[in-house]
Each structure stands twice: as structure tokens, then as C-alpha cells.
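> This is entry.tsv, which holds TSV, C-alpha atoms:
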chain	number	residue	atom	x	y	z
A	1	MET	CA	-167.52	16.36	75.63
A	2	GLU	CA	-170.68	16.32	73.60
A	3	SER	CA	-169.45	16.93	70.09
A	4	GLY	CA	-172.89	17.01	68.57
A	5	ASN	CA	-172.09	14.25	66.09
A	6	PHE	CA	-172.96	10.60	65.91
A	7	SER	CA	-171.79	8.17	68.53
A	8	TYR	CA	-171.69	4.41	68.95
A	9	ASN	CA	-175.35	4.18	69.78
A	10	ASP	CA	-176.29	6.62	67.05
A	11	SER	CA	-174.75	4.21	64.57
A	12	GLU	CA	-176.71	1.37	66.10
A	13	LEU	CA	-179.78	3.53	65.87
A	14	GLY	CA	-179.20	4.23	62.23
A	15	SER	CA	-178.49	0.61	61.38
A	16	ASN	CA	-181.58	-0.53	63.24
A	17	ALA	CA	-183.62	1.58	60.88
A	18	THR	CA	-182.89	-0.98	58.19
A	19	GLU	CA	-184.56	-3.75	60.17
A	20	PRO	CA	-188.06	-4.85	59.13
A	21	GLY	CA	-189.86	-2.89	61.84
A	22	GLN	CA	-188.15	0.35	60.84
A	23	GLN	CA	-188.26	0.13	57.07
A	24	GLU	CA	-191.17	2.52	56.78
A	25	ALA	CA	-189.42	5.11	58.96
A	26	LEU	CA	-186.44	5.41	56.62
A	27	PRO	CA	-186.31	3.45	53.34
A	28	LEU	CA	-183.02	2.05	52.13
A	29	ARG	CA	-182.80	4.46	49.18
A	30	ILE	CA	-183.06	7.41	51.61
A	31	HIS	CA	-180.29	5.89	53.72
A	32	VAL	CA	-178.07	5.62	50.65
A	33	LEU	CA	-178.84	9.15	49.45
A	34	LEU	CA	-178.09	10.73	52.83
A	35	LEU	CA	-174.93	8.66	53.25
A	36	PHE	CA	-173.78	9.74	49.78
A	37	ILE	CA	-174.35	13.42	50.63
A	38	ASP	CA	-172.36	13.09	53.86
A	39	LEU	CA	-169.56	11.24	52.07
A	40	VAL	CA	-169.28	13.99	49.45
A	41	ILE	CA	-169.13	16.69	52.14
A	42	CYS	CA	-166.43	14.78	54.02
A	43	LEU	CA	-164.41	14.22	50.84
A	44	PHE	CA	-164.47	17.97	50.15
A	45	GLY	CA	-163.35	18.52	53.73
A	46	LEU	CA	-160.56	15.99	53.34
A	47	VAL	CA	-159.23	17.74	50.22
A	48	GLY	CA	-159.67	21.26	51.59
A	49	ASN	CA	-158.10	20.72	54.99
A	50	GLY	CA	-155.27	18.68	53.51
A	51	MET	CA	-154.57	21.51	51.08
A	52	VAL	CA	-154.50	24.11	53.89
A	53	ILE	CA	-152.15	21.96	55.96
A	54	LEU	CA	-149.81	21.51	52.99
A	55	PHE	CA	-149.59	25.21	52.14
A	56	LEU	CA	-149.39	26.52	55.71
A	57	THR	CA	-146.72	23.96	56.59
A	58	PHE	CA	-144.40	24.29	53.61
A	59	LYS	CA	-145.25	27.32	51.46
A	60	ILE	CA	-146.55	30.20	53.58
A	61	LYS	CA	-144.67	32.08	56.27
A	62	ARG	CA	-145.99	31.51	59.78
A	63	ASN	CA	-147.55	34.26	61.89
A	64	SER	CA	-149.74	34.35	64.98
A	65	CYS	CA	-152.89	33.60	62.98
A	66	THR	CA	-151.61	30.84	60.70
A	67	VAL	CA	-150.47	28.81	63.73
A	68	TYR	CA	-154.10	28.66	64.88
A	69	ILE	CA	-155.40	28.02	61.36
A	70	LEU	CA	-152.91	25.18	60.83
A	71	ASN	CA	-153.96	23.50	64.07
A	72	LEU	CA	-157.62	24.08	63.16
A	73	ALA	CA	-157.10	22.36	59.81
A	74	VAL	CA	-155.44	19.38	61.52
A	75	ALA	CA	-158.33	19.08	64.00
A	76	ASP	CA	-160.90	19.29	61.20
A	77	LEU	CA	-158.96	16.72	59.18
A	78	ILE	CA	-159.03	14.29	62.11
A	79	PHE	CA	-162.78	14.70	62.35
A	80	VAL	CA	-163.35	14.34	58.60
A	81	VAL	CA	-161.18	11.22	58.23
A	82	SER	CA	-162.86	9.58	61.21
A	83	SER	CA	-166.29	10.48	59.84
A	84	LEU	CA	-165.41	8.97	56.47
A	85	VAL	CA	-164.35	5.71	58.11
A	86	ASN	CA	-167.52	5.63	60.19
A	87	LEU	CA	-169.74	6.39	57.19
A	88	ILE	CA	-168.12	3.60	55.18
A	89	HIS	CA	-168.75	1.26	58.09
A	90	PHE	CA	-172.33	2.49	58.19
A	91	ILE	CA	-172.73	1.74	54.48
A	92	CYS	CA	-171.48	-1.79	55.13
A	93	THR	CA	-174.08	-2.08	57.90
A	94	VAL	CA	-176.89	-0.84	55.66
A	95	TYR	CA	-175.95	-3.36	52.96
A	96	GLN	CA	-175.49	-6.08	55.60
A	97	VAL	CA	-171.82	-6.72	54.85
A	98	ASN	CA	-170.54	-9.37	57.23
A	99	ILE	CA	-168.38	-7.70	59.89
A	100	SER	CA	-167.64	-9.36	63.22
A	101	ASP	CA	-169.16	-7.71	66.28
A	102	THR	CA	-165.74	-7.31	67.88
A	103	ASP	CA	-164.22	-5.58	64.86
A	104	SER	CA	-167.27	-3.38	64.48
A	105	ASP	CA	-167.24	-2.35	68.14
A	106	ASN	CA	-163.51	-1.58	68.10
A	107	LEU	CA	-163.78	0.44	64.90
A	108	LEU	CA	-166.69	2.49	66.19
A	109	MET	CA	-164.94	3.14	69.48
A	110	ILE	CA	-161.74	4.36	67.77
A	111	THR	CA	-163.54	6.58	65.26
A	112	LYS	CA	-165.76	7.99	67.99
A	113	LEU	CA	-162.71	8.93	70.04
A	114	MET	CA	-160.96	10.48	67.05
A	115	TYR	CA	-163.78	12.60	65.69
A	116	THR	CA	-164.88	13.67	69.17
A	117	PHE	CA	-161.29	14.71	69.85
A	118	GLY	CA	-160.97	16.51	66.53
A	119	PHE	CA	-164.33	18.21	66.84
A	120	ASN	CA	-163.69	19.43	70.39
A	121	THR	CA	-160.29	20.82	69.41
A	122	SER	CA	-161.78	22.58	66.38
A	123	CYS	CA	-164.36	24.38	68.52
A	124	PHE	CA	-161.77	25.36	71.15
A	125	LEU	CA	-159.42	26.76	68.50
A	126	LEU	CA	-162.18	28.78	66.85
A	127	ALA	CA	-163.09	30.28	70.22
A	128	ALA	CA	-159.42	31.14	70.89
A	129	ILE	CA	-159.10	32.86	67.51
A	130	GLY	CA	-162.18	34.96	68.20
A	131	VAL	CA	-160.98	35.97	71.68
A	132	GLU	CA	-157.52	36.96	70.41
A	133	ARG	CA	-159.00	39.06	67.62
A	134	CYS	CA	-161.26	40.83	70.12
A	135	LEU	CA	-158.28	41.67	72.33
A	136	GLY	CA	-156.41	42.94	69.27
A	137	VAL	CA	-159.33	45.17	68.33
A	138	LEU	CA	-160.12	46.49	71.80
A	139	PHE	CA	-156.51	47.02	72.93
A	140	PRO	CA	-154.44	47.29	69.72
A	141	VAL	CA	-151.29	48.92	71.14
A	142	GLU	CA	-151.17	46.85	74.33
A	143	TYR	CA	-151.90	43.69	72.37
A	144	GLN	CA	-149.06	44.25	69.91
A	145	SER	CA	-146.53	45.29	72.54
A	146	SER	CA	-147.22	42.78	75.32
A	147	ARG	CA	-148.30	39.68	73.40
A	148	PRO	CA	-145.74	36.85	73.85
A	149	GLU	CA	-144.07	35.80	70.62
A	150	HIS	CA	-145.10	32.15	70.80
A	151	LEU	CA	-148.52	32.63	72.43
A	152	SER	CA	-150.38	31.01	69.50
A	153	ALA	CA	-148.29	27.84	69.68
A	154	ILE	CA	-148.60	27.65	73.47
A	155	MET	CA	-152.37	28.17	73.36
A	156	ALA	CA	-152.73	25.56	70.61
A	157	VAL	CA	-150.89	22.97	72.72
A	158	LEU	CA	-153.01	23.79	75.77
A	159	LEU	CA	-156.22	23.50	73.75
A	160	TRP	CA	-155.18	20.11	72.36
A	161	LEU	CA	-154.53	18.96	75.94
A	162	LEU	CA	-157.88	20.34	77.07
A	163	SER	CA	-159.57	18.45	74.25
A	164	CYS	CA	-157.80	15.26	75.38
A	165	LEU	CA	-159.14	15.70	78.90
A	166	VAL	CA	-162.69	16.45	77.81
A	167	THR	CA	-162.74	13.62	75.26
A	168	GLY	CA	-161.38	11.25	77.89
A	169	LEU	CA	-164.20	12.28	80.22
A	170	GLU	CA	-166.79	11.46	77.57
A	171	TYR	CA	-165.08	8.16	76.76
A	172	PHE	CA	-165.10	6.89	80.33
A	173	CYS	CA	-168.65	8.11	80.93
A	174	CYS	CA	-170.37	7.45	77.58
A	175	ILE	CA	-168.42	6.04	74.65
A	176	ASN	CA	-167.41	2.79	76.31
A	177	VAL	CA	-170.94	2.31	77.68
A	178	LYS	CA	-172.90	0.58	74.94
A	179	GLN	CA	-176.38	1.35	76.20
A	180	ILE	CA	-175.92	5.10	76.74
A	181	HIS	CA	-179.64	5.64	76.13
A	182	ALA	CA	-180.62	3.15	78.80
A	183	PRO	CA	-182.70	4.66	81.61
A	184	GLY	CA	-180.32	3.35	84.28
A	185	ASN	CA	-177.21	4.87	82.78
A	186	GLU	CA	-176.28	7.43	85.41
A	187	ARG	CA	-172.67	7.78	84.26
A	188	CYS	CA	-173.36	9.43	80.93
A	189	THR	CA	-175.97	12.00	81.96
A	190	PRO	CA	-173.57	14.15	84.08
A	191	ALA	CA	-171.05	14.16	81.23
A	192	ARG	CA	-173.73	15.32	78.81
A	193	LEU	CA	-174.86	18.03	81.21
A	194	PHE	CA	-171.25	19.17	81.54
A	195	SER	CA	-170.81	19.20	77.76
A	196	SER	CA	-174.05	21.17	77.41
A	197	ALA	CA	-172.73	23.83	79.79
A	198	LEU	CA	-169.39	23.90	77.97
A	199	TYR	CA	-171.06	24.33	74.59
A	200	LEU	CA	-173.24	27.08	76.03
A	201	LEU	CA	-170.07	28.84	77.19
A	202	LEU	CA	-168.47	28.43	73.76
A	203	THR	CA	-171.59	29.80	72.11
A	204	LEU	CA	-171.52	32.86	74.37
A	205	VAL	CA	-167.84	33.37	73.50
A	206	PHE	CA	-168.67	33.23	69.78
A	207	ILE	CA	-171.56	35.67	70.18
A	208	THR	CA	-169.50	38.12	72.22
A	209	SER	CA	-166.46	38.02	69.95
A	210	SER	CA	-168.58	38.44	66.82
A	211	LEU	CA	-170.44	41.43	68.24
A	212	VAL	CA	-167.20	43.07	69.39
A	213	LEU	CA	-165.59	42.61	65.98
A	214	LEU	CA	-168.62	43.98	64.14
A	215	ILE	CA	-168.98	47.02	66.42
A	216	GLU	CA	-165.29	47.90	66.49
A	217	ILE	CA	-164.82	47.45	62.74
A	218	ARG	CA	-167.62	49.94	62.09
A	219	LYS	CA	-166.13	52.49	64.49
A	220	THR	CA	-162.50	52.49	63.39
A	221	PRO	CA	-160.81	53.24	60.03
A	222	LYS	CA	-160.75	50.38	57.55
A	223	GLN	CA	-156.94	50.36	57.31
A	224	CYS	CA	-156.72	49.59	61.03
A	225	HIS	CA	-158.08	46.08	60.55
A	226	PRO	CA	-157.13	43.01	58.51
A	227	MET	CA	-160.57	43.05	56.90
A	228	ARG	CA	-160.30	39.80	54.96
A	229	LEU	CA	-159.19	37.97	58.07
A	230	TYR	CA	-162.13	39.36	60.02
A	231	VAL	CA	-164.50	38.31	57.25
A	232	VAL	CA	-163.06	34.79	57.59
A	233	ILE	CA	-163.57	34.82	61.37
A	234	LEU	CA	-167.14	36.08	61.11
A	235	SER	CA	-167.92	33.57	58.33
A	236	THR	CA	-166.61	30.61	60.34
A	237	THR	CA	-168.62	31.86	63.33
A	238	LEU	CA	-171.75	31.99	61.15
A	239	ILE	CA	-171.12	28.41	60.01
A	240	PHE	CA	-170.77	27.41	63.66
A	241	PHE	CA	-174.18	28.88	64.48
A	242	LEU	CA	-175.83	27.33	61.42
A	243	SER	CA	-174.36	23.86	61.89
A	244	VAL	CA	-172.96	23.09	65.33
A	245	VAL	CA	-175.63	24.79	67.44
A	246	PRO	CA	-178.64	23.07	65.76
A	247	ALA	CA	-176.83	19.72	65.75
A	248	THR	CA	-175.99	20.02	69.44
A	249	LEU	CA	-179.56	20.93	70.32
A	250	LEU	CA	-180.84	17.94	68.37
A	251	ARG	CA	-178.26	15.72	70.01
A	252	HIS	CA	-179.46	16.61	73.48
A	253	LEU	CA	-183.09	16.45	72.39
A	254	VAL	CA	-182.53	12.88	71.21
A	255	TYR	CA	-180.77	11.86	74.40
A	256	PHE	CA	-183.01	13.52	77.00
A	257	VAL	CA	-186.43	13.58	75.28
A	258	LEU	CA	-186.77	11.38	72.17
A	259	GLN	CA	-184.89	8.27	73.23
A	260	SER	CA	-187.40	5.85	71.69
A	261	SER	CA	-188.66	7.93	68.80
A	262	SER	CA	-188.23	6.79	65.20
A	263	PHE	CA	-187.38	10.40	64.31
A	264	THR	CA	-183.97	9.94	65.94
A	265	VAL	CA	-182.83	8.31	62.69
A	266	TYR	CA	-183.46	11.58	60.84
A	267	PHE	CA	-181.82	13.55	63.63
A	268	PHE	CA	-178.79	11.30	63.30
A	269	TYR	CA	-178.33	12.31	59.67
A	270	VAL	CA	-178.92	15.98	60.48
A	271	GLN	CA	-176.17	15.84	63.09
A	272	VAL	CA	-173.74	14.09	60.77
A	273	THR	CA	-174.39	16.55	57.93
A	274	CYS	CA	-174.22	19.68	60.09
A	275	ASN	CA	-170.96	18.77	61.79
A	276	SER	CA	-169.38	17.59	58.55
A	277	ILE	CA	-170.22	20.98	57.03
A	278	HIS	CA	-168.67	22.72	60.04
A	279	CYS	CA	-165.35	20.86	59.67
A	280	SER	CA	-165.25	20.93	55.86
A	281	THR	CA	-166.10	24.48	54.83
A	282	ASN	CA	-163.33	26.52	56.49
A	283	PRO	CA	-160.70	25.94	53.73
A	284	TYR	CA	-163.14	27.09	51.05
A	285	ILE	CA	-164.01	30.20	53.07
A	286	TYR	CA	-160.29	31.07	53.12
A	287	LEU	CA	-160.04	30.63	49.36
A	288	LEU	CA	-163.19	32.59	48.51
A	289	VAL	CA	-162.32	35.50	50.80
A	290	GLY	CA	-158.70	35.54	49.66
A	291	ALA	CA	-159.64	35.53	45.98
A	292	TRP	CA	-162.48	38.06	46.29
A	293	ARG	CA	-161.85	41.15	44.13
A	294	LYS	CA	-158.36	39.94	43.35
A	295	ARG	CA	-158.23	38.33	39.92
A	296	GLY	CA	-161.61	36.83	40.62
A	297	LEU	CA	-161.07	33.18	41.47
A	298	ARG	CA	-158.22	32.72	39.01
A	299	GLY	CA	-155.34	33.36	41.41
A	300	SER	CA	-153.37	30.48	42.88
A	301	ILE	CA	-154.30	28.81	46.13
A	302	LYS	CA	-151.12	30.11	47.72
A	303	GLN	CA	-151.94	33.70	46.72
A	304	ALA	CA	-155.45	33.42	48.12
A	305	LEU	CA	-154.25	32.07	51.46
A	306	GLU	CA	-151.47	34.64	51.69
A	307	THR	CA	-153.95	37.42	50.96
A	308	VAL	CA	-156.07	36.41	53.95
A	309	PHE	CA	-153.40	35.59	56.50
A	310	LYS	CA	-150.69	38.04	55.46
A	311	GLU	CA	-153.01	40.85	56.54
A	312	ASP	CA	-152.49	39.72	60.10
A	313	THR	CA	-149.20	41.62	60.16
A	314	GLU	CA	-149.89	44.39	57.66
A	315	THR	CA	-151.67	46.68	60.11
A	316	SER	CA	-149.00	46.51	62.80
A	317	GLY	CA	-146.65	49.11	61.31
A	318	SER	CA	-145.74	52.03	63.54
A	319	THR	CA	-147.48	54.74	61.47
A	320	GLU	CA	-150.78	52.91	61.07
A	321	GLU	CA	-150.62	51.64	64.63
A	322	LEU	CA	-150.35	55.22	65.89
A	323	HIS	CA	-153.19	56.30	63.62
A	324	CYS	CA	-155.38	53.45	64.84
A	325	SER	CA	-154.57	54.10	68.48
A	326	GLU	CA	-155.43	57.75	68.02
A	327	ALA	CA	-158.73	56.73	66.45
A	328	GLY	CA	-159.37	54.49	69.42
A	329	GLY	CA	-158.51	57.34	71.79
A	330	THR	CA	-160.98	59.58	69.95
A	331	ARG	CA	-163.73	56.99	70.40
A	332	GLY	CA	-162.91	56.71	74.09
So that I can check it, write out the structure of this file as C-alpha cells.


Amino acid sequence: MESGNFSYNDSELGSNATEPGQQEALPLRIHVLLLFIDLVICLFGLVGNGMVILFLTFKIKRNSCTVYILNLAVADLIFVVSSLVNLIHFICTVYQVNISDTDSDNLLMITKLMYTFGFNTSCFLLAAIGVERCLGVLFPVEYQSSRPEHLSAIMAVLLWLLSCLVTGLEYFCCINVKQIHAPGNERCTPARLFSSALYLLLTLVFITSSLVLLIEIRKTPKQCHPMRLYVVILSTTLIFFLSVVPATLLRHLVYFVLQSSSFTVYFFYVQVTCNSIHCSTNPYIYLLVGAWRKRGLRGSIKQALETVFKEDTETSGSTEELHCSEAGGTRG
């Protein structure tokens, strides 16, 4: 699947910019500055996602939402760690550190597989969260009564497997083909077209779920919804549109249109930055929303996370559920 981030050939593209013929396109100091920015973003993502995994695993009671959030944090952590390794390798390339071609190729292949896998899983999980929240808003009584107890865990496993299949498709078609930008490469183009269609579908899912949440929240009483949780979902969706969508468009623009342009070096950094932001900001959204209007930002991390995700079960009591269903019946 097209993850919208840098691949083997993108790294070659970036490193080639340090050769004599490309020096004017992107000076070394600009390389270093952009690499430093991406490293800082990934380090924040490493700390944030690691913190979420720690608290959701050992210190906060599980519910249907936290199962998704825990898996999302693991997927984002895989992407961030792989990106850090790749960026460090890129720094070594920029400063011409002696690394054997075999070791370099193997490292790039492994990191590409890992962050493609993590990125794909992250997008799938976000889409699943949005769809489940829409079902909970549109059909609150039916959703609470007929939802299987372990649906979140089952869906998470299925989405990890789906990500394995899609990542494997990209590997066999693109990642293990060194010259993926070569005109005669007919194996990679179908995979990129498939990934484009899949990302278009995901984008439509995000748009639909966001609109449904916004419309239904405005129509029904405030107490019928876990408002902080919905703010988190809408915020992560906004980050998706501001980061993943532009990066994916640039990615396909580079592959299909600007294969020989010197501007692809800049697009490479835009893609890296955008997707690093996507996989690094979620933990801080949880903390900000959880701490909002509750002791400012002075509460503990555990309290902030509990405030967001505990609301998942607070609106399911019989009295409020009846009240919300009656409100929904009035709207109908």
C-alpha cells in the first residue's frame, strides 16, 4: 500500500541531492535542518506513543475504545521507530559515512517494510474508530445491545492482518524493486493505483464519519455523547487531512508526473514531515483534550487519559440511554 512516506528510492533521491550536480537544488545546511526537524518530531512521537502504550497497558482499565487506541499507539510507534532509523541512516548518507551497499540496502528494505506496515495499520485503525463511533451515534440502543463484547480486539487483529497483506503487496511489487521510478517498471504502477484507490476510500470514510459525528452531536443532548472522545476523533481526523492527504498527493505526483524533477527532493521532506506529524501527534491530542478545563494542564497523565477514554462508558447507563434514544426518536 502507498503509505505516502519515503521509500527506498526516495532515500536514494534525497542522497543524490548531495552530489555535485544537485548541490544548488538543496544545500547541505538545508538537508541538515530538515532532517533535524523530522528527528525532533519523531522523538516526540516516540515518547508520546510509548507513554500511551504504558498507561493503557498497565494503569487504565480497558474498554472498547482503549483497545483501538492501544493498537493505534503501537502502529504509530512502529512507524516512528522505523522513521528514526531511516533518518539516522539518511544523515550518515548526507555526511558520507562509509556504509556498505549491502547493509544499506537491507536496512532500507527492513525500515520501509516496518513503517509502511505501521502506517497502513494506523490509517485502518483510525477509520475503524470513526465507523464505530458513527454506528454508536446513529443507532445508540442497537449498538449498545448487539455489539459483541470483544469486537474491538477482533477488529484490531483483522486490521493488522489486512495491513500485512497490503504491505506484502507493495513489497513484492515496489519495495524490492530498486528502480521503481524506471519507465519499464510495470509491476509497481498497478500497486500504486490500487493504493491510490484504497486511500481514496479511506478519505471518504473519514469525511463521512466526521460529518455524521458533527451533525448528530449538534442534534442530540450533550450528555448523550462522550464529548471529549469525539473531540479527539475529530482532531485526529483533521490531522489526517492536513498531513496524510497532502503527502499522499505529493507522493503520487512525484511517481507519475515529476519523476526526473529536482523538486522531488523537497517533496521527499514534505512527505516525511507530514507523515511523522500524523503518527506523532495523537498522544498529545489525548493529553490536551483530557486536561482541558480540568485543572488546566496540571493533572497527571493518567487522569488526562482516563478523562478522555472513561467517557466511552459513561453515557451507556440505562437512564441516559433511554433519554438519548427518546431524543433520537424525536428527531426521527

> Between A:Ile215, A:Cys188, A:Leu159, A:Cys123, which one has atoms that come closest to A:Val245, using only C-alpha atoms?

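Nearest candidate to A:Val245 out of A:Ile215, A:Cys188, A:Leu159, A:Cys123: A:Cys123.
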
> Give me the residues within 12 Å of A:Tyr199 as a PyMOL selection string, counting all atoms listed in the file and dropping any in the same chain fewer than 6 places off.

chain A and resi 1-4+119-120+123-124+127+166+192-193+205-206+240-241+244-249+252

> Quick check, in Å to one decimal: how far apart do atom CA of A:Leu54 and atom CA of A:Ala291 lie?

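Atom CA of A:Ala291 lies 18.5 Å from atom CA of A:Leu54.
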
> Using all atoms listed in the file, find the one residue out of A:Gly118, A:Gly50, A:Gly290, A:Pro27 that sits nearest to A:His278.

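With all atoms listed in the file as the atom set, the closest residue is A:Gly118.
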
> Using only C-alpha atoms, which residue out of A:Ala156, A:Leu113, A:Ile53, A:Leu200 lies closest to A:Leu77?

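Smallest distance to A:Leu77 is found for A:Ile53.
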